>>> print(open('coords-v1.pdb').read())   # PDB, C-alpha atoms
ATOM      1  CA  MET A 261     164.814 173.885 110.655
ATOM      2  CA  LYS A 262     166.031 173.282 114.226
ATOM      3  CA  LYS A 263     163.339 170.637 114.742
ATOM      4  CA  THR A 264     164.404 168.948 111.504
ATOM      5  CA  LYS A 265     168.029 168.803 112.596
ATOM      6  CA  LYS A 266     167.023 167.471 116.013
ATOM      7  CA  MET A 267     164.935 164.702 114.430
ATOM      8  CA  ILE A 268     167.750 163.705 112.091
ATOM      9  CA  ALA A 269     170.195 163.787 114.978
ATOM     10  CA  ALA A 270     167.901 161.618 117.127
ATOM     11  CA  LEU A 271     167.412 159.007 114.412
ATOM     12  CA  LEU A 272     171.103 158.952 113.606
ATOM     13  CA  ALA A 273     171.993 158.762 117.298
ATOM     14  CA  LEU A 274     169.794 155.681 117.667
ATOM     15  CA  ALA A 275     171.531 154.059 114.719
ATOM     16  CA  PHE A 276     174.931 155.048 116.084
ATOM     17  CA  CYS A 277     174.183 153.566 119.498
ATOM     18  CA  LEU A 278     172.948 150.385 117.894
ATOM     19  CA  SER A 279     176.023 150.212 115.680
ATOM     20  CA  LEU A 280     178.379 150.634 118.634
ATOM     21  CA  THR A 281     176.810 147.667 120.338
ATOM     22  CA  ALA A 282     176.931 145.739 117.073
ATOM     23  CA  CYS A 283     180.675 146.265 116.782
ATOM     24  CA  ALA A 284     181.120 143.858 119.655
ATOM     25  CA  GLY A 285     180.486 141.077 117.141
ATOM     26  CA  LYS A 286     177.337 139.625 118.627
ATOM     27  CA  PRO A 287     175.605 137.164 116.321
ATOM     28  CA  LEU A 288     172.234 137.891 114.773
ATOM     29  CA  PRO A 289     169.473 137.396 117.329
ATOM     30  CA  GLU A 290     167.422 134.232 117.121
ATOM     31  CA  GLY A 291     164.683 134.443 114.505
ATOM     32  CA  PHE A 292     166.618 136.678 112.093
ATOM     33  CA  ASP A 293     167.668 135.180 108.762
ATOM     34  CA  ALA A 294     171.073 136.424 107.575
ATOM     35  CA  GLU A 295     170.131 136.238 103.904
ATOM     36  CA  GLU A 296     166.929 138.224 104.436
ATOM     37  CA  VAL A 297     168.696 140.892 106.508
ATOM     38  CA  GLY A 298     171.480 141.181 103.916
ATOM     39  CA  THR A 299     169.007 141.447 101.049
ATOM     40  CA  GLN A 300     166.981 144.112 102.864
ATOM     41  CA  ALA A 301     170.166 146.085 103.572
ATOM     42  CA  GLU A 302     171.276 145.870  99.925
ATOM     43  CA  GLU A 303     167.868 147.096  98.761
ATOM     44  CA  ILE A 304     167.981 150.129 101.053
ATOM     45  CA  VAL A 305     171.559 151.005 100.066
ATOM     46  CA  GLY A 306     170.545 150.683  96.408
ATOM     47  CA  LEU A 307     167.656 153.081  96.975
ATOM     48  CA  ALA A 308     169.976 155.524  98.721
ATOM     49  CA  THR A 309     172.521 155.482  95.906
ATOM     50  CA  MET A 310     169.712 156.150  93.403
ATOM     51  CA  GLY A 311     168.410 159.024  95.532
ATOM     52  CA  ASP A 312     165.057 157.336  96.215
ATOM     53  CA  PHE A 313     164.670 158.577  99.773
ATOM     54  CA  ASP A 314     160.872 158.294  99.690
ATOM     55  CA  SER A 315     161.218 154.539  99.358
ATOM     56  CA  ILE A 316     163.733 154.420 102.196
ATOM     57  CA  ILE A 317     161.229 156.165 104.439
ATOM     58  CA  SER A 318     158.667 153.493 103.516
ATOM     59  CA  TYR A 319     161.011 150.862 105.035
ATOM     60  CA  LEU A 320     160.954 152.622 108.436
ATOM     61  CA  ARG A 321     158.948 151.060 111.215
ATOM     62  CA  ASN A 322     155.569 152.797 111.521
ATOM     63  CA  ASP A 323     156.386 154.513 114.828
ATOM     64  CA  LEU A 324     159.440 156.171 113.203
ATOM     65  CA  LYS A 325     157.918 157.333 109.914
ATOM     66  CA  ASP A 326     156.888 160.682 111.394
ATOM     67  CA  GLU A 327     160.377 161.318 112.784
ATOM     68  CA  ILE A 328     162.109 162.074 109.470
ATOM     69  CA  THR A 329     161.110 162.945 105.925
ATOM     70  CA  ALA A 330     162.701 161.928 102.656
ATOM     71  CA  GLU A 331     163.811 165.522 102.128
ATOM     72  CA  GLN A 332     165.476 165.670 105.553
ATOM     73  CA  LEU A 333     167.338 162.462 104.800
ATOM     74  CA  ARG A 334     168.371 163.749 101.364
ATOM     75  CA  GLU A 335     169.657 167.010 102.871
ATOM     76  CA  GLY A 336     171.395 165.215 105.726
ATOM     77  CA  TRP A 337     173.325 162.906 103.417
ATOM     78  CA  ALA A 338     173.952 165.306 100.507
ATOM     79  CA  ALA A 339     177.385 166.503 101.623
ATOM     80  CA  THR A 340     178.607 162.945 102.211
ATOM     81  CA  TYR A 341     177.465 161.847  98.764
ATOM     82  CA  GLU A 342     179.008 164.923  97.164
ATOM     83  CA  LYS A 343     182.409 164.138  98.704
ATOM     84  CA  ALA A 344     182.211 160.400  97.896
ATOM     85  CA  GLY A 345     181.291 160.764  94.241
ATOM     86  CA  ALA A 346     179.474 158.220  92.108
ATOM     87  CA  PHE A 347     178.447 154.820  93.458
ATOM     88  CA  ASP A 348     180.612 151.906  92.344
ATOM     89  CA  SER A 349     179.712 148.763  94.281
ATOM     90  CA  ILE A 350     178.857 147.135  97.586
ATOM     91  CA  THR A 351     182.056 145.486  98.760
ATOM     92  CA  LYS A 352     181.062 143.907 102.080
ATOM     93  CA  ILE A 353     178.115 143.348 104.386
ATOM     94  CA  ALA A 354     178.721 142.488 108.037
ATOM     95  CA  LEU A 355     175.768 141.336 110.123
ATOM     96  CA  SER A 356     175.445 141.346 113.885
ATOM     97  CA  GLY A 357     172.875 141.666 116.613
ATOM     98  CA  THR A 358     172.101 144.079 119.382
ATOM     99  CA  ALA A 359     169.340 144.815 121.870
ATOM    100  CA  ASP A 360     167.751 147.965 123.215
ATOM    101  CA  GLN A 361     168.951 148.235 126.813
ATOM    102  CA  THR A 362     165.661 149.787 127.920
ATOM    103  CA  THR A 363     163.118 147.513 126.252
ATOM    104  CA  GLY A 364     165.194 144.409 125.533
ATOM    105  CA  GLU A 365     163.979 144.420 121.919
ATOM    106  CA  GLU A 366     166.489 142.684 119.681
ATOM    107  CA  TYR A 367     167.671 144.078 116.376
ATOM    108  CA  ALA A 368     169.708 142.908 113.422
ATOM    109  CA  VAL A 369     172.427 145.320 112.343
ATOM    110  CA  ALA A 370     173.882 145.389 108.835
ATOM    111  CA  GLN A 371     177.040 147.357 108.217
ATOM    112  CA  VAL A 372     177.370 147.799 104.474
ATOM    113  CA  LEU A 373     180.697 148.927 103.009
ATOM    114  CA  VAL A 374     180.131 150.741  99.722
ATOM    115  CA  LYS A 375     182.792 151.820  97.260
ATOM    116  CA  HIS A 376     182.238 155.186  95.596
ATOM    117  CA  GLU A 377     184.320 157.067  93.072
ATOM    118  CA  LYS A 378     186.304 159.073  95.663
ATOM    119  CA  ALA A 379     185.660 157.329  98.979
ATOM    120  CA  ASN A 380     184.246 154.318 100.750
ATOM    121  CA  LEU A 381     181.081 154.794 102.789
ATOM    122  CA  VAL A 382     179.618 152.650 105.548
ATOM    123  CA  TYR A 383     175.865 152.375 105.980
ATOM    124  CA  THR A 384     174.756 151.034 109.345
ATOM    125  CA  LEU A 385     171.182 149.788 109.121
ATOM    126  CA  SER A 386     169.228 148.354 112.053
ATOM    127  CA  PHE A 387     166.145 146.178 111.635
ATOM    128  CA  ASP A 388     163.490 144.895 114.006
ATOM    129  CA  ALA A 389     162.138 141.326 113.946
ATOM    130  CA  ASP A 390     159.788 142.214 111.069
ATOM    131  CA  LEU A 391     162.752 143.634 109.086
ATOM    132  CA  ALA A 392     161.393 147.162 109.421
ATOM    133  CA  LEU A 393     164.136 149.772 109.457
ATOM    134  CA  VAL A 394     164.656 151.211 112.942
ATOM    135  CA  GLY A 395     168.004 152.920 112.503
ATOM    136  CA  LEU A 396     170.177 154.237 109.707
ATOM    137  CA  TYR A 397     173.522 155.931 109.761
ATOM    138  CA  LEU A 398     175.885 156.912 106.981
ATOM    139  CA  LYS A 399     179.560 157.548 107.476
TER     140      LYS A 399
END
>>> encode(input="coords-v1.pdb", output="structure tokens")
Amino acid sequence: MKKTKKMIAALLALAFCLSLTACAGKPLPEGFDAEEVGTQAEEIVGLATMGDFDSIISYLRNDLKDEITAEQLREGWAATYEKAGAFDSITKIALSGTADQTTGEEYAVAQVLVKHEKANLVYTLSFDADLALVGLYLK
């Protein structure tokens, strides 16, 4: 259980770090298409709101797929979903860019504002150049 929590924390920390850099308002890196990034983000949020965590895991970049399971993601987000209530709609998607300070790899970041019955949630999703998911954070 400790290893599970550490893996979730590591993946979420990566997403959080990427999202902090994204808040600076940097544009999408060259080569990323805003429509494609937005569509990919909407698909993943839709899967999350339906509880299809197995499919979300399939969007992860191959080197990250062993870091978290669908069940770990489900458990990690359960309390947030319980407090927020039923999904209503996606109200806004903000796109930006960031780069890994160590490797220089550039990422697209989608911050998706989602209205639920009792609260608004923000999904922060980071994608590599192939639009594979490299970070996800729910607040």
>>> closest_residue(input="coords-v1.pdb", among="A:Leu320, A:Ala344, A:Ile304, A:Val374", to="Asp388 of chain A", atoms="only C-alpha atoms")
A:Leu320
>>> closest_residue(input="coords-v1.pdb", among="A:Ile317, A:Leu355, A:Ile350, A:Ala294", to="Leu381 of chain A", atoms="only C-alpha atoms")
A:Ile350
>>> atom_distance(input="coords-v1.pdb", atom1="atom CA of Lys325 of chain A", atom2="atom CA of Ala392 of chain A")
10.8 Å
>>> closest_residue(input="coords-v1.pdb", among="A:Ser318, A:Thr309, A:Gln361, A:Ser386", to="Ala338 of chain A", atoms="only C-alpha atoms")
A:Thr309
>>> atom_distance(input="coords-v1.pdb", atom1="atom CA of Ile353 of chain A", atom2="atom CA of Asp326 of chain A")
28.3 Å
>>> closest_residue(input="coords-v1.pdb", among="A:Met310, A:Leu333, A:Leu324, A:Val372", to="Ala346 of chain A", atoms="all atoms listed in the file")
A:Met310
>>> atom_distance(input="coords-v1.pdb", atom1="atom CA of Glu331 of chain A", atom2="atom CA of Leu391 of chain A")
23.0 Å
>>> axis_aligned_box(input="coords-v1.pdb", around="segment 362-367 of chain A", padding_each_side="8 Å", output="JSON")
{"center_x": 165.4, "center_y": 146.2, "center_z": 122.1, "size_x": 20.6, "size_y": 23.1, "size_z": 27.5}
>>> resolve_selection(input="coords-v1.pdb", expression="the PyMOL selection byres ((chain A and resi 398) around 9)", output="ChimeraX atom specification")
/A:272,337,340,381-385,396-397,399
>>> resolve_selection(input="coords-v1.pdb", expression="the PyMOL selection byres ((chain A and resi 313) around 8)", output="ChimeraX atom specification")
/A:307-308,311-312,314-317,330-331,333-334
>>> closest_residue(input="coords-v1.pdb", among="A:Thr363, A:Tyr319, A:Gly306, A:Phe387", to="Ser349 of chain A", atoms="only C-alpha atoms")
A:Gly306
>>> residues_near_point(input="coords-v1.pdb", point="(176.5, 139.5, 116.6)", cutoff="6 Å", atoms="only C-alpha atoms", output="count of residues only")
6
>>> closest_residue(input="coords-v1.pdb", among="A:Lys352, A:Glu327, A:Asp293, A:Val305", to="Val394 of chain A", atoms="all atoms listed in the file")
A:Glu327
